[in-house]
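Step one of this worksheet: look at the structure below.
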Amino acid sequence: MSTAESPAHPRFAEALRALGLDVEVRRFPDATRTAAQAADAIGCDVAEIVKSLVFIARGIPGAEGAEQGTEEGEPVLVLMDGSSRVDVELVRRELGAAAVRRADADLVRETTGYAIGGVPPFGHRTATRVLADRGLLGHAVVWAAAGTPHTVFPLDPASVIAHAGAKLVDVRERTA
């Protein structure tokens, strides 16, 4: 399938081409914005969905603006399986940041070039620090957004992590 024919967002289709990846991008008539919606549409377990979540980390040692303690901080992408939640405190500790919080929809779009619910794990507008939770490696194949809330693609998790340039970490919220 050529980039022009792909149902993926044009920026993401270009990223696939640049990386030499030939993956099947599926488009669904109903939105697959949430992990549960995507899993239902695909027919897979919700844990096999990759959530691409943007956070803002303030005061990361050595990061641009860290010395000034800027209000905004640095965007950080966290890749998490669809059945788990990110433990923001573990992300903060992993980064050595003063504070971490979820990014709002405007900052997600500004940073990645995509709307919430369609953010892929790579192919973003700006280079961003990426953390990937180790739990993703528990699956043979995972599904991630292809740049729109209606499109997804499958790939082995090690390749997703590598193409995202992610650091493998343990940032999953633990249940009691």
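Order determines the names: the first chain of the structure tokens is A, the second B, and so forth; residues in each chain are numbered 1 upward, and ligands are numbered 1 upward as they are shown.
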inquiry  = Set the distance at 9 Å and use only C-alpha atoms: which residues neighbour Glu110 (chain A) once local chain neighbours fewer than 5 positions away are removed? I'd like the list as a PyMOL selection string.
reply    = chain A and resi 105+125-126
Expected file: the selected residues, C-alpha atoms, as an mmCIF file, in the first residue's frame:
data_model
loop_
_atom_site.group_PDB
_atom_site.id
_atom_site.type_symbol
_atom_site.label_atom_id
_atom_site.label_comp_id
_atom_site.auth_asym_id
_atom_site.auth_seq_id
_atom_site.Cartn_x
_atom_site.Cartn_y
_atom_site.Cartn_z
ATOM 1 C CA ALA A 105 -5.249 18.018 24.560
ATOM 2 C CA ARG A 125 5.911 16.357 14.992
ATOM 3 C CA THR A 126 8.690 16.880 17.555
#
Do you know which residues are at most 6 Å from region 82-96 of chain A counting only C-alpha atoms, after dropping those on the same chain fewer than 2 positions away, and could you put them as a JSON list (two decimals) with N, CA, C and O atoms, in the first residue's frame?
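Printed below is result-v2.json as written:
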[["chain", "number", "residue", "atom", "x", "y", "z"],
["A", 35, "ALA", "N", -8.61, 2.31, 24.69],
["A", 35, "ALA", "CA", -8.07, 0.96, 24.56],
["A", 35, "ALA", "C", -9.19, -0.06, 24.44],
["A", 35, "ALA", "O", -9.12, -0.99, 23.63],
["A", 46, "VAL", "N", -7.59, -6.25, 25.62],
["A", 46, "VAL", "CA", -7.29, -4.83, 25.84],
["A", 46, "VAL", "C", -5.82, -4.62, 26.21],
["A", 46, "VAL", "O", -5.24, -3.57, 25.90],
["A", 47, "ALA", "N", -5.17, -5.60, 26.82],
["A", 47, "ALA", "CA", -3.75, -5.48, 27.17],
["A", 47, "ALA", "C", -2.85, -5.45, 25.93],
["A", 47, "ALA", "O", -1.70, -5.02, 26.02],
["A", 49, "ILE", "N", -3.32, -3.55, 23.40],
["A", 49, "ILE", "CA", -3.39, -2.20, 22.84],
["A", 49, "ILE", "C", -2.27, -1.36, 23.45],
["A", 49, "ILE", "O", -2.02, -1.45, 24.65],
["A", 50, "VAL", "N", -1.60, -0.56, 22.63],
["A", 50, "VAL", "CA", -0.58, 0.36, 23.13],
["A", 50, "VAL", "C", -1.22, 1.72, 23.32],
["A", 50, "VAL", "O", -1.74, 2.30, 22.36],
["A", 51, "LYS", "N", -1.20, 2.21, 24.55],
["A", 51, "LYS", "CA", -1.64, 3.58, 24.81],
["A", 51, "LYS", "C", -0.42, 4.47, 24.72],
["A", 51, "LYS", "O", 0.62, 4.17, 25.31],
["A", 60, "ILE", "N", 13.48, 18.11, 35.10],
["A", 60, "ILE", "CA", 14.30, 16.94, 34.80],
["A", 60, "ILE", "C", 15.77, 17.39, 34.79],
["A", 60, "ILE", "O", 16.11, 18.31, 34.05],
["A", 100, "VAL", "N", 5.43, 15.67, 37.64],
["A", 100, "VAL", "CA", 4.92, 15.11, 36.38],
["A", 100, "VAL", "C", 3.41, 15.19, 36.42],
["A", 100, "VAL", "O", 2.80, 14.88, 37.45],
["A", 171, "VAL", "N", 6.73, 1.47, 34.91],
["A", 171, "VAL", "CA", 5.96, 2.61, 35.39],
["A", 171, "VAL", "C", 4.47, 2.31, 35.48],
["A", 171, "VAL", "O", 3.65, 3.20, 35.54],
["A", 172, "ARG", "N", 4.14, 1.04, 35.52],
["A", 172, "ARG", "CA", 2.75, 0.61, 35.62],
["A", 172, "ARG", "C", 2.27, 0.73, 37.05],
["A", 172, "ARG", "O", 2.97, 0.37, 37.98],
["A", 173, "GLU", "N", 1.06, 1.26, 37.21],
["A", 173, "GLU", "CA", 0.44, 1.34, 38.53],
["A", 173, "GLU", "C", 0.18, -0.08, 39.02],
["A", 173, "GLU", "O", -0.37, -0.91, 38.30]]
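Residues in contact range of region 6-14 of chain A, defined as at most 8 Å between only C-alpha atoms, with sequence neighbours fewer than 3 positions away removed, read Met1, Ser2, Thr3, Arg17, Ala18, Val25, Arg26, Arg27, Pro120, Phe122, Gly123, His124, Ala146, Gly147, Thr148, Thr151 and Val152 of chain A.
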Ala98 (chain A) surroundings by only C-alpha atoms, 10 Å radius, close-in-sequence under 4 positions cut, as number ranges by chain = A: 57-61, 66, 69, 73, 92-93
Take the residues from that selection and write them out as a PDB file, in the first residue's frame, keeping all heavy atoms.
ATOM      1  N   ALA A  57       6.835  16.828  32.284  1.00  0.00           N
ATOM      2  CA  ALA A  57       7.743  16.647  33.406  1.00  0.00           C
ATOM      3  C   ALA A  57       8.514  17.945  33.614  1.00  0.00           C
ATOM      4  O   ALA A  57       9.132  18.453  32.686  1.00  0.00           O
ATOM      5  CB  ALA A  57       8.698  15.490  33.133  1.00  0.00           C
ATOM      6  N   ARG A  58       8.436  18.450  34.820  1.00  0.00           N
ATOM      7  CA  ARG A  58       9.139  19.690  35.162  1.00  0.00           C
ATOM      8  C   ARG A  58      10.344  19.356  36.031  1.00  0.00           C
ATOM      9  O   ARG A  58      10.273  18.531  36.929  1.00  0.00           O
ATOM     10  CB  ARG A  58       8.189  20.628  35.905  1.00  0.00           C
ATOM     11  CG  ARG A  58       8.721  22.031  36.070  1.00  0.00           C
ATOM     12  CD  ARG A  58       7.677  22.994  36.623  1.00  0.00           C
ATOM     13  NE  ARG A  58       6.806  22.446  37.643  1.00  0.00           N
ATOM     14  CZ  ARG A  58       7.138  22.325  38.932  1.00  0.00           C
ATOM     15  NH1 ARG A  58       8.319  22.686  39.360  1.00  0.00           N
ATOM     16  NH2 ARG A  58       6.266  21.822  39.780  1.00  0.00           N
ATOM     17  N   GLY A  59      11.459  20.019  35.726  1.00  0.00           N
ATOM     18  CA  GLY A  59      12.648  19.872  36.554  1.00  0.00           C
ATOM     19  C   GLY A  59      13.424  18.598  36.332  1.00  0.00           C
ATOM     20  O   GLY A  59      14.005  18.052  37.264  1.00  0.00           O
ATOM     21  N   ILE A  60      13.481  18.107  35.102  1.00  0.00           N
ATOM     22  CA  ILE A  60      14.304  16.935  34.802  1.00  0.00           C
ATOM     23  C   ILE A  60      15.765  17.388  34.790  1.00  0.00           C
ATOM     24  O   ILE A  60      16.109  18.312  34.055  1.00  0.00           O
ATOM     25  CB  ILE A  60      13.943  16.308  33.436  1.00  0.00           C
ATOM     26  CG1 ILE A  60      12.492  15.846  33.419  1.00  0.00           C
ATOM     27  CG2 ILE A  60      14.882  15.148  33.124  1.00  0.00           C
ATOM     28  CD1 ILE A  60      12.026  15.358  32.065  1.00  0.00           C
ATOM     29  N   PRO A  61      16.611  16.758  35.579  1.00  0.00           N
ATOM     30  CA  PRO A  61      18.023  17.155  35.587  1.00  0.00           C
ATOM     31  C   PRO A  61      18.639  17.069  34.187  1.00  0.00           C
ATOM     32  O   PRO A  61      18.465  16.076  33.481  1.00  0.00           O
ATOM     33  CB  PRO A  61      18.675  16.129  36.524  1.00  0.00           C
ATOM     34  CG  PRO A  61      17.562  15.638  37.377  1.00  0.00           C
ATOM     35  CD  PRO A  61      16.344  15.669  36.504  1.00  0.00           C
ATOM     36  N   ALA A  66      15.487  23.016  32.635  1.00  0.00           N
ATOM     37  CA  ALA A  66      15.443  22.438  33.983  1.00  0.00           C
ATOM     38  C   ALA A  66      15.969  23.417  35.028  1.00  0.00           C
ATOM     39  O   ALA A  66      15.442  23.491  36.132  1.00  0.00           O
ATOM     40  CB  ALA A  66      16.248  21.143  34.034  1.00  0.00           C
ATOM     41  N   GLY A  69      13.426  25.872  35.987  1.00  0.00           N
ATOM     42  CA  GLY A  69      12.217  25.324  36.585  1.00  0.00           C
ATOM     43  C   GLY A  69      10.976  25.882  35.896  1.00  0.00           C
ATOM     44  O   GLY A  69      10.056  26.332  36.547  1.00  0.00           O
ATOM     45  N   GLY A  73       7.612  22.709  31.492  1.00  0.00           N
ATOM     46  CA  GLY A  73       8.409  21.494  31.565  1.00  0.00           C
ATOM     47  C   GLY A  73       8.563  20.840  30.211  1.00  0.00           C
ATOM     48  O   GLY A  73       8.312  21.442  29.175  1.00  0.00           O
ATOM     49  N   ARG A  92       7.854  10.084  37.468  1.00  0.00           N
ATOM     50  CA  ARG A  92       8.625  11.189  38.051  1.00  0.00           C
ATOM     51  C   ARG A  92       9.973  10.688  38.557  1.00  0.00           C
ATOM     52  O   ARG A  92      11.013  11.267  38.267  1.00  0.00           O
ATOM     53  CB  ARG A  92       7.848  11.839  39.200  1.00  0.00           C
ATOM     54  CG  ARG A  92       8.531  13.119  39.736  1.00  0.00           C
ATOM     55  CD  ARG A  92       8.021  13.517  41.102  1.00  0.00           C
ATOM     56  NE  ARG A  92       8.346  12.564  42.142  1.00  0.00           N
ATOM     57  CZ  ARG A  92       9.570  12.380  42.664  1.00  0.00           C
ATOM     58  NH1 ARG A  92      10.590  13.082  42.239  1.00  0.00           N
ATOM     59  NH2 ARG A  92       9.751  11.496  43.616  1.00  0.00           N
ATOM     60  N   ARG A  93       9.962   9.569  39.289  1.00  0.00           N
ATOM     61  CA  ARG A  93      11.215   9.014  39.812  1.00  0.00           C
ATOM     62  C   ARG A  93      12.144   8.563  38.685  1.00  0.00           C
ATOM     63  O   ARG A  93      13.346   8.781  38.753  1.00  0.00           O
ATOM     64  CB  ARG A  93      10.928   7.823  40.735  1.00  0.00           C
ATOM     65  CG  ARG A  93      10.545   8.249  42.117  1.00  0.00           C
ATOM     66  CD  ARG A  93      10.553   7.053  43.055  1.00  0.00           C
ATOM     67  NE  ARG A  93       9.242   6.950  43.655  1.00  0.00           N
ATOM     68  CZ  ARG A  93       8.670   5.845  44.065  1.00  0.00           C
ATOM     69  NH1 ARG A  93       9.280   4.686  43.952  1.00  0.00           N
ATOM     70  NH2 ARG A  93       7.486   5.858  44.609  1.00  0.00           N
TER      71      ARG A  93
END
ask   = Please, which residues of region 22-99 of chain A, numbered as in this document, come out strand (DSSP E or B) from DSSP, as a PyMOL selection string?
value = chain A and resi 26-27+49-58+74-81+86+99
Write a file of the selected residues as a short mmCIF file (atom, residue, chain, number, x, y, z; two decimals), in the first residue's frame, keeping N, CA, C and O atoms.
data_model
loop_
_atom_site.label_atom_id
_atom_site.label_comp_id
_atom_site.auth_asym_id
_atom_site.auth_seq_id
_atom_site.Cartn_x
_atom_site.Cartn_y
_atom_site.Cartn_z
N ARG A 26 -5.36 -0.66 9.76
CA ARG A 26 -6.80 -0.92 9.68
C ARG A 26 -7.57 0.34 10.05
O ARG A 26 -7.23 1.02 11.00
N ARG A 27 -8.62 0.61 9.29
CA ARG A 27 -9.49 1.74 9.57
C ARG A 27 -10.85 1.19 9.98
O ARG A 27 -11.37 0.25 9.38
N ILE A 49 -3.32 -3.55 23.40
CA ILE A 49 -3.39 -2.20 22.84
C ILE A 49 -2.27 -1.36 23.45
O ILE A 49 -2.02 -1.45 24.65
N VAL A 50 -1.60 -0.56 22.63
CA VAL A 50 -0.58 0.36 23.13
C VAL A 50 -1.22 1.72 23.32
O VAL A 50 -1.74 2.30 22.36
N LYS A 51 -1.20 2.21 24.55
CA LYS A 51 -1.64 3.58 24.81
C LYS A 51 -0.42 4.47 24.72
O LYS A 51 0.62 4.17 25.31
N SER A 52 -0.52 5.56 23.94
CA SER A 52 0.55 6.55 23.80
C SER A 52 0.09 7.79 24.55
O SER A 52 -0.75 8.54 24.07
N LEU A 53 0.64 7.99 25.75
CA LEU A 53 0.17 9.03 26.67
C LEU A 53 1.24 10.09 26.86
O LEU A 53 2.39 9.76 27.14
N VAL A 54 0.84 11.35 26.76
CA VAL A 54 1.79 12.45 26.91
C VAL A 54 1.65 13.06 28.29
O VAL A 54 0.55 13.36 28.75
N PHE A 55 2.79 13.23 28.93
CA PHE A 55 2.89 13.86 30.24
C PHE A 55 3.82 15.06 30.13
O PHE A 55 4.59 15.18 29.19
N ILE A 56 3.75 15.94 31.11
CA ILE A 56 4.68 17.07 31.22
C ILE A 56 5.51 16.84 32.47
O ILE A 56 4.96 16.67 33.56
N ALA A 57 6.83 16.83 32.28
CA ALA A 57 7.74 16.65 33.41
C ALA A 57 8.51 17.94 33.61
O ALA A 57 9.13 18.45 32.69
N ARG A 58 8.44 18.45 34.82
CA ARG A 58 9.14 19.69 35.16
C ARG A 58 10.34 19.36 36.03
O ARG A 58 10.27 18.53 36.93
N GLU A 74 8.98 19.59 30.22
CA GLU A 74 9.28 18.83 29.00
C GLU A 74 8.21 17.78 28.74
O GLU A 74 7.88 17.00 29.64
N PRO A 75 7.67 17.72 27.50
CA PRO A 75 6.74 16.64 27.18
C PRO A 75 7.46 15.29 27.18
O PRO A 75 8.60 15.19 26.72
N VAL A 76 6.81 14.28 27.71
CA VAL A 76 7.35 12.92 27.76
C VAL A 76 6.23 11.99 27.32
O VAL A 76 5.11 12.08 27.83
N LEU A 77 6.53 11.10 26.38
CA LEU A 77 5.56 10.12 25.92
C LEU A 77 5.76 8.83 26.71
O LEU A 77 6.89 8.37 26.85
N VAL A 78 4.67 8.27 27.22
CA VAL A 78 4.72 6.99 27.92
C VAL A 78 3.88 5.99 27.13
O VAL A 78 2.70 6.25 26.85
N LEU A 79 4.49 4.86 26.77
CA LEU A 79 3.79 3.78 26.09
C LEU A 79 3.40 2.74 27.13
O LEU A 79 4.25 2.24 27.87
N MET A 80 2.10 2.44 27.19
CA MET A 80 1.57 1.56 28.23
C MET A 80 0.56 0.60 27.60
O MET A 80 -0.14 0.99 26.67
N ASP A 81 0.50 -0.62 28.13
CA ASP A 81 -0.51 -1.55 27.62
C ASP A 81 -1.91 -1.06 28.01
O ASP A 81 -2.08 -0.36 29.01
N VAL A 86 -0.75 4.30 34.13
CA VAL A 86 0.58 4.84 34.41
C VAL A 86 0.62 5.34 35.85
O VAL A 86 -0.28 6.06 36.28
N ALA A 99 8.27 17.26 39.16
CA ALA A 99 6.83 17.01 39.07
C ALA A 99 6.48 16.47 37.69
O ALA A 99 7.14 16.79 36.70
#
key: Counting only C-alpha atoms, the option among A:Cys44, A:Leu107, A:Ala144, A:Ala132 closest to Ala166 (chain A)   = A:Ala132
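The set of residues in region 52-131 of chain A assigned to helix (DSSP H, G or I) by DSSP, using only backbone atoms of this structure, is A:Val88, A:Glu89, A:Leu90, A:Val91, A:Arg92, A:Arg93, A:Glu94, A:Leu95, A:Ala105, A:Asp106, A:Leu107, A:Val108, A:Arg109, A:Glu110, A:Thr111, A:Thr112.
Using only C-alpha atoms for every distance, the candidate list A:Pro154, A:Lys167, A:Ala162, A:Arg174 yields A:Pro154 as the residue closest to Ala39 (chain A).
For the pair CA of Gly135 (chain A) and CA of Val119 (chain A), the separation is 19.2 Å.
For the atom pair formed by CA of Val142 (chain A) and CA of Ile116 (chain A), the distance is 18.6 Å, given to one decimal.
Among A:Ala31, A:Val169, A:Ala164, A:Ala41, the residue with the shortest atom-to-atom distance to Ala127 (chain A), counting only C-alpha atoms, is A:Ala164.
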